[in-house]
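A.B. asks: Take this structure, written in structure tokens, and hold onto it; I'll ask about it next.
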Amino acid sequence: MILCSNPAFQYQSYEKEIDDAVKRVLKSGWFILGKEVKSFEDEFAKYIGVNFAKGVGSGTDAIMLALKALRIGTGDEVITVSHTAVATVAAIEMTGAKAVMADIDEEFYTLDPAKIEAAITERTKAIVVVHLYGQSADLDAVMQIAKKYKLRVVEDCAQAHGAMYKNKRVGSIGDVGCFSFYPTKNLGALGDGGMVVANDAELAERVEMLRQYGWKQRYISEFAGVNSRLDELQAAILRVKISHLDADNAKRMRIAEMYDKQLCGTDLILPKKRKDCSHVYHLYVVRMKKRDELMQYMKDREIMAAIHYPLPVHLQPAYKNGQKLEVTEKIAKEILSLPMYPELGDAEAQKTIDVIKEFCK
């Protein structure tokens, strides 16, 4: 069976290092906000190229806390996309703000800058721009619009650890960057975890306080906060994995190159790479009119593809709002994620390619 992704393989790749890191934490007797979290925050900030990084409980919490730190809440509106994990929209609404969803472009499936201005009202305070499948959205255009309307920009980098946008890491360009360390991510923990990164000291301090009840001094809440802390065990594991992130991303790129070269000329629409940017292939997403038939054909041959995401957020029962997002709704019926993870062997990738070519004959 060839899986679409398998985080267990990455543990096996770095088993000794991870086991040693876990034992180090267990022997220390310190499990919440200790040396491991602080060290990982420093290492991650350096990697992204920002001044500050604050570990939190999840990627969802990272977006929610970033928005709260920007003083966005009830009565405010935040523009984002519908073609994303529900977490993006859920995080916005956790602040009390309203998520206003705009359509995506058909080349890269990220926020279409041409659709942003029509979504802006007097209540709009921010844009949550989602970097999707492993590469950046059109940040220059988004930042230009944000500057024009005095909006804050939050980068949702949950699928783009290590991706570059014109010589800068994603997460370092907007007002704040948010990362998830869910186990399947390019940089994944063995449980939940997240990070907020920023260059602004005051903003970073507010996130740090918000993640633990609004405390600056222990047990004294300066303002209402939450409990959302990256724990020591996960931080220790992530410290091991971040040292391998670039190498693992390079393995993903090599698999993508195999797919690109051998699936070119089939009925599939292959992923496009944005100019002057790097793609770290969290997912390798193709499009096809006969998507469901191809997916079943692959499954019958023990190759598990997946759909990210089958139902746009604006059409889901919890968030249905009557909007019509033409491109988002069109591609949701056609997209398919092929197997993609660093440990995927050449033989497995080749079998995936051969099965797809058989279907397309």
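Order determines the names: the first chain of the structure tokens is A, the second B, and so forth; residues in each chain are numbered 1 upward, and ligands are numbered 1 upward as they are shown.
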So that I can see what lies close to Gly214 of chain A, please list as a ChimeraX atom specification the residues with an atom at most 6 Å from it, counting only C-alpha atoms and leaving out residues fewer than 4 positions away in the same chain.

C.D. replies: /A:209-210,221-225

A.B. asks: Could you please take those selected residues and save N, CA and C atoms as a PDB file, in the first residue's frame?

C.D. replies:
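Result file is selection12.pdb:
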```pdb
ATOM      1  N   MET A 209       2.053  36.559  26.106  1.00  0.00           N
ATOM      2  CA  MET A 209       1.137  36.720  27.231  1.00  0.00           C
ATOM      3  C   MET A 209      -0.211  36.058  26.964  1.00  0.00           C
ATOM      4  N   LEU A 210      -0.716  36.231  25.756  1.00  0.00           N
ATOM      5  CA  LEU A 210      -2.013  35.653  25.400  1.00  0.00           C
ATOM      6  C   LEU A 210      -2.009  34.135  25.489  1.00  0.00           C
ATOM      7  N   SER A 221      -3.094  38.205  35.508  1.00  0.00           N
ATOM      8  CA  SER A 221      -3.518  38.388  34.126  1.00  0.00           C
ATOM      9  C   SER A 221      -3.672  39.871  33.821  1.00  0.00           C
ATOM     10  N   GLU A 222      -2.856  40.361  32.888  1.00  0.00           N
ATOM     11  CA  GLU A 222      -2.953  41.752  32.458  1.00  0.00           C
ATOM     12  C   GLU A 222      -4.159  41.956  31.553  1.00  0.00           C
ATOM     13  N   PHE A 223      -4.527  40.916  30.815  1.00  0.00           N
ATOM     14  CA  PHE A 223      -5.725  40.902  29.985  1.00  0.00           C
ATOM     15  C   PHE A 223      -6.143  39.450  29.815  1.00  0.00           C
ATOM     16  N   ALA A 224      -7.332  39.228  29.255  1.00  0.00           N
ATOM     17  CA  ALA A 224      -7.839  37.864  29.107  1.00  0.00           C
ATOM     18  C   ALA A 224      -7.040  37.118  28.055  1.00  0.00           C
ATOM     19  N   GLY A 225      -6.515  35.967  28.438  1.00  0.00           N
ATOM     20  CA  GLY A 225      -5.770  35.134  27.506  1.00  0.00           C
ATOM     21  C   GLY A 225      -6.329  33.733  27.482  1.00  0.00           C
TER      22      GLY A 225
END
```

A.B. asks: Quick one: residues within 9 Å of segment 92-95 of chain A, only C-alpha atoms, excluding same-chain residues fewer than 6 positions away - as an NGL selection string?

C.D. replies: :A and (60-61 or 63-65 or 67-68 or 72-74 or 77-78 or 128)

A.B. asks: Could you write out the selected residues, including N, CA and C atoms, as a short mmCIF file (atom, residue, chain, number, x, y, z; two decimals), in the first residue's frame?

C.D. replies:
```cif
data_model
loop_
_atom_site.label_atom_id
_atom_site.label_comp_id
_atom_site.auth_asym_id
_atom_site.auth_seq_id
_atom_site.Cartn_x
_atom_site.Cartn_y
_atom_site.Cartn_z
N THR A 60 -3.94 26.37 14.43
CA THR A 60 -5.19 27.12 14.58
C THR A 60 -5.03 28.20 15.64
N ASP A 61 -4.48 27.79 16.79
CA ASP A 61 -4.24 28.76 17.86
C ASP A 61 -3.28 29.86 17.42
N ILE A 63 -2.95 31.31 14.51
CA ILE A 63 -3.69 32.35 13.77
C ILE A 63 -4.58 33.13 14.72
N MET A 64 -5.29 32.44 15.59
CA MET A 64 -6.18 33.10 16.54
C MET A 64 -5.42 34.06 17.44
N LEU A 65 -4.29 33.62 17.98
CA LEU A 65 -3.51 34.45 18.89
C LEU A 65 -2.85 35.61 18.16
N LEU A 67 -4.07 37.18 15.55
CA LEU A 67 -5.12 38.17 15.32
C LEU A 67 -5.47 38.91 16.61
N LYS A 68 -5.55 38.18 17.70
CA LYS A 68 -5.83 38.82 18.99
C LYS A 68 -4.71 39.79 19.38
N ILE A 72 -7.57 42.40 16.97
CA ILE A 72 -8.70 42.14 16.08
C ILE A 72 -9.68 41.23 16.80
N GLY A 73 -10.97 41.59 16.76
CA GLY A 73 -11.96 40.81 17.49
C GLY A 73 -13.39 41.12 17.04
N THR A 74 -14.29 41.06 17.98
CA THR A 74 -15.71 41.21 17.69
C THR A 74 -16.01 42.49 16.91
N GLU A 77 -13.74 42.45 10.53
CA GLU A 77 -13.77 41.49 9.43
C GLU A 77 -12.35 41.17 8.98
N VAL A 78 -12.14 39.92 8.61
CA VAL A 78 -10.83 39.46 8.15
C VAL A 78 -11.02 38.72 6.83
N VAL A 128 -5.80 37.32 6.09
CA VAL A 128 -5.05 36.09 6.38
C VAL A 128 -4.78 35.43 5.04
#
```

A.B. asks: Could you produce a table of the residues of segment 257-352 of chain A lying within 7 Å of segment 156-173 of chain A, with the nearest pair of atoms per residue and their separation in Å rounded to one decimal, using only C-alpha atoms, ordered by chain and increasing residue number, as JSON lines?

C.D. replies:
```
{"residue": "A:Asp276", "atom": "CA", "partner": "A:Lys166", "partner_atom": "CA", "distance": 5.3}
{"residue": "A:Cys277", "atom": "CA", "partner": "A:Tyr165", "partner_atom": "CA", "distance": 4.7}
{"residue": "A:Ser278", "atom": "CA", "partner": "A:Met164", "partner_atom": "CA", "distance": 5.0}
{"residue": "A:His279", "atom": "CA", "partner": "A:Ala163", "partner_atom": "CA", "distance": 5.8}
{"residue": "A:Val280", "atom": "CA", "partner": "A:Ala163", "partner_atom": "CA", "distance": 5.7}
{"residue": "A:His282", "atom": "CA", "partner": "A:Gln159", "partner_atom": "CA", "distance": 5.8}
```

A.B. asks: With N, CA and C atoms kept, could you save the residues just selected as an mmCIF file, in the first residue's frame?

C.D. replies:
```cif
data_model
loop_
_atom_site.group_PDB
_atom_site.id
_atom_site.type_symbol
_atom_site.label_atom_id
_atom_site.label_comp_id
_atom_site.auth_asym_id
_atom_site.auth_seq_id
_atom_site.Cartn_x
_atom_site.Cartn_y
_atom_site.Cartn_z
ATOM 1 N N ASP A 276 10.469 33.093 -9.186
ATOM 2 C CA ASP A 276 11.338 33.638 -8.136
ATOM 3 C C ASP A 276 10.962 33.155 -6.739
ATOM 4 N N CYS A 277 10.265 32.025 -6.671
ATOM 5 C CA CYS A 277 9.867 31.453 -5.376
ATOM 6 C C CYS A 277 10.237 29.967 -5.351
ATOM 7 N N SER A 278 10.317 29.407 -4.165
ATOM 8 C CA SER A 278 10.556 27.964 -4.064
ATOM 9 C C SER A 278 9.283 27.267 -3.599
ATOM 10 N N HIS A 279 9.119 26.047 -4.062
ATOM 11 C CA HIS A 279 7.961 25.218 -3.728
ATOM 12 C C HIS A 279 8.481 24.030 -2.935
ATOM 13 N N VAL A 280 7.979 23.832 -1.696
ATOM 14 C CA VAL A 280 8.490 22.742 -0.863
ATOM 15 C C VAL A 280 7.551 21.534 -0.848
ATOM 16 N N HIS A 282 4.543 20.466 0.164
ATOM 17 C CA HIS A 282 3.804 19.798 1.238
ATOM 18 C C HIS A 282 2.850 18.786 0.613
#
```

A.B. asks: So how many Å separate atom CA of Pro113 of chain A and atom CA of Val285 of chain A, to one decimal?

C.D. replies: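 That distance, rounded to one decimal, is 21.6 Å.
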
A.B. asks: Determine which residues of segment 105-191 of chain A receive a DSSP assignment of helix (DSSP H, G or I), computed from the backbone, and state them as a VMD selection string.

C.D. replies: chain A and resid 113 to 115 117 to 119 139 to 149

A.B. asks: Using only C-alpha atoms, pick whichever of A:Leu338, A:Met288, A:Leu325, A:Ile307 has the shortest atom-to-atom distance to Tyr259 of chain A.

C.D. replies: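 Ranking A:Leu338, A:Met288, A:Leu325, A:Ile307 by distance to Tyr259 of chain A, first place goes to A:Leu338.
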
A.B. asks: Quick one: distance from atom CA of Ser337 of chain A to atom CA of Gly59 of chain A in Å, one decimal?

C.D. replies: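 Between atom CA of Ser337 of chain A and atom CA of Gly59 of chain A the gap is 21.2 Å.
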
A.B. asks: Taking only C-alpha atoms into account, which of A:Ala99, A:Val313, A:Ala349, A:Ile116 comes nearest Arg254 of chain A?

C.D. replies: A:Ala349

A.B. asks: Out of A:Ala87, A:Val226, A:Ala118, A:Leu26, which residue has the shortest atom-to-atom distance to Gln212 of chain A when counting only C-alpha atoms?

C.D. replies: A:Val226

A.B. asks: Quick check for you: according to DSSP on this backbone, which residues of segment 24-119 of chain A are classed as strand (DSSP E or B)? Reply as a list of chain:residue names.

C.D. replies: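 So the strand (DSSP E or B) residues in segment 24-119 of chain A would be A:Ile32, A:Phe52, A:Ala53, A:Lys54, A:Gly55, A:Val56, A:Glu77, A:Val78, A:Ile79, A:Thr80, A:Val81, A:Lys98, A:Ala99, A:Val100, A:Met101, A:Ala102, A:Ile104, A:Leu111.
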
A.B. asks: Skip Leu315 of chain A itself and residues of its chain fewer than 5 positions away, then list as an mmCIF file with C-alpha atoms, in the first residue's frame all residues within 10 Å of it, counting only C-alpha atoms.

C.D. replies:
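The result, stored in around.cif:
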```cif
data_model
loop_
_atom_site.group_PDB
_atom_site.id
_atom_site.type_symbol
_atom_site.label_atom_id
_atom_site.label_comp_id
_atom_site.auth_asym_id
_atom_site.auth_seq_id
_atom_site.Cartn_x
_atom_site.Cartn_y
_atom_site.Cartn_z
ATOM 1 C CA SER A 82 -12.366 29.314 1.263
ATOM 2 C CA LYS A 320 -22.370 28.430 4.638
ATOM 3 C CA ASN A 321 -22.959 32.059 3.712
ATOM 4 C CA GLY A 322 -24.549 32.098 0.269
ATOM 5 C CA GLN A 323 -21.358 33.172 -1.486
ATOM 6 C CA LYS A 324 -20.506 32.039 -4.998
ATOM 7 C CA LEU A 325 -16.755 31.563 -5.457
ATOM 8 C CA GLU A 329 -15.894 25.641 -6.459
#
```

A.B. asks: Write out as number ranges by chain which residues come within 10 Å of segment 267-272 of chain A when counting only C-alpha atoms, dropping same-chain ones fewer than 3 positions away.

C.D. replies: A: 107-109, 133, 135, 256, 259-260, 263-264, 275, 279, 281, 283-291, 334-336, 356-357, 359-361

A.B. asks: Using only N, CA and C atoms, please write the residues we just selected to a file, as a short mmCIF file (atom, residue, chain, number, x, y, z; two decimals), in the first residue's frame.

C.D. replies:
```cif
data_model
loop_
_atom_site.label_atom_id
_atom_site.label_comp_id
_atom_site.auth_asym_id
_atom_site.auth_seq_id
_atom_site.Cartn_x
_atom_site.Cartn_y
_atom_site.Cartn_z
N GLU A 107 -4.35 29.47 -11.33
CA GLU A 107 -3.01 28.92 -11.58
C GLU A 107 -2.38 28.31 -10.34
N PHE A 108 -2.46 29.04 -9.22
CA PHE A 108 -1.77 28.62 -8.01
C PHE A 108 -2.71 28.27 -6.85
N TYR A 109 -4.00 28.55 -7.03
CA TYR A 109 -5.04 28.20 -6.04
C TYR A 109 -4.92 28.99 -4.74
N TYR A 133 -0.16 24.30 -0.29
CA TYR A 133 0.45 23.10 -0.88
C TYR A 133 1.97 23.11 -0.87
N GLN A 135 3.82 26.36 -1.46
CA GLN A 135 4.40 27.58 -2.01
C GLN A 135 3.57 28.80 -1.65
N ALA A 256 8.75 15.52 -6.72
CA ALA A 256 7.93 16.38 -7.57
C ALA A 256 8.52 16.46 -8.98
N TYR A 259 7.49 13.42 -10.88
CA TYR A 259 6.10 13.57 -11.31
C TYR A 259 6.01 14.55 -12.50
N ASP A 260 6.68 15.70 -12.36
CA ASP A 260 6.63 16.72 -13.41
C ASP A 260 7.07 16.16 -14.76
N LEU A 263 4.70 12.87 -15.89
CA LEU A 263 3.25 13.05 -16.05
C LEU A 263 2.92 14.18 -17.01
N CYS A 264 3.96 14.88 -17.47
CA CYS A 264 3.77 15.92 -18.47
C CYS A 264 3.24 15.27 -19.76
N LYS A 275 7.14 32.22 -10.08
CA LYS A 275 8.44 32.75 -10.47
C LYS A 275 9.17 33.36 -9.27
N HIS A 279 9.12 26.05 -4.06
CA HIS A 279 7.96 25.22 -3.73
C HIS A 279 8.48 24.03 -2.93
N TYR A 281 6.54 21.55 -1.70
CA TYR A 281 5.68 20.40 -1.96
C TYR A 281 5.20 19.69 -0.70
N LEU A 283 2.24 19.19 -0.48
CA LEU A 283 1.39 18.31 -1.27
C LEU A 283 1.73 18.49 -2.75
N TYR A 284 1.54 17.43 -3.51
CA TYR A 284 1.67 17.53 -4.96
C TYR A 284 0.26 17.36 -5.51
N VAL A 285 -0.34 18.47 -5.94
CA VAL A 285 -1.76 18.48 -6.27
C VAL A 285 -1.96 18.68 -7.77
N VAL A 286 -2.63 17.71 -8.38
CA VAL A 286 -2.95 17.76 -9.80
C VAL A 286 -4.45 18.01 -9.96
N ARG A 287 -4.84 18.30 -11.20
CA ARG A 287 -6.27 18.45 -11.50
C ARG A 287 -6.64 17.57 -12.69
N MET A 288 -7.89 17.08 -12.64
CA MET A 288 -8.38 16.24 -13.73
C MET A 288 -9.90 16.21 -13.69
N LYS A 289 -10.53 16.27 -14.84
CA LYS A 289 -11.99 16.21 -14.91
C LYS A 289 -12.51 14.89 -14.34
N LYS A 290 -11.78 13.79 -14.65
CA LYS A 290 -12.19 12.47 -14.16
C LYS A 290 -11.48 12.14 -12.85
N ARG A 291 -11.43 13.12 -11.96
CA ARG A 291 -10.70 12.96 -10.70
C ARG A 291 -11.18 11.76 -9.88
N GLU A 334 -11.97 18.90 -9.00
CA GLU A 334 -10.96 18.36 -9.91
C GLU A 334 -9.62 18.02 -9.25
N ILE A 335 -9.34 18.57 -8.07
CA ILE A 335 -8.01 18.42 -7.48
C ILE A 335 -7.79 17.04 -6.85
N LEU A 336 -6.54 16.60 -6.90
CA LEU A 336 -6.16 15.33 -6.30
C LEU A 336 -4.71 15.41 -5.83
N ILE A 356 -1.07 6.05 -13.10
CA ILE A 356 -1.75 7.22 -13.65
C ILE A 356 -1.67 7.21 -15.17
N LYS A 357 -0.52 6.86 -15.72
CA LYS A 357 -0.37 6.80 -17.17
C LYS A 357 -1.29 5.72 -17.78
N PHE A 359 -4.16 4.82 -16.60
CA PHE A 359 -5.52 5.36 -16.55
C PHE A 359 -5.74 6.36 -17.69
N CYS A 360 -4.71 7.13 -18.00
CA CYS A 360 -4.85 8.20 -18.98
C CYS A 360 -4.75 7.75 -20.43
N LYS A 361 -4.46 6.45 -20.66
CA LYS A 361 -4.31 5.96 -22.03
C LYS A 361 -5.63 6.06 -22.79
#
```
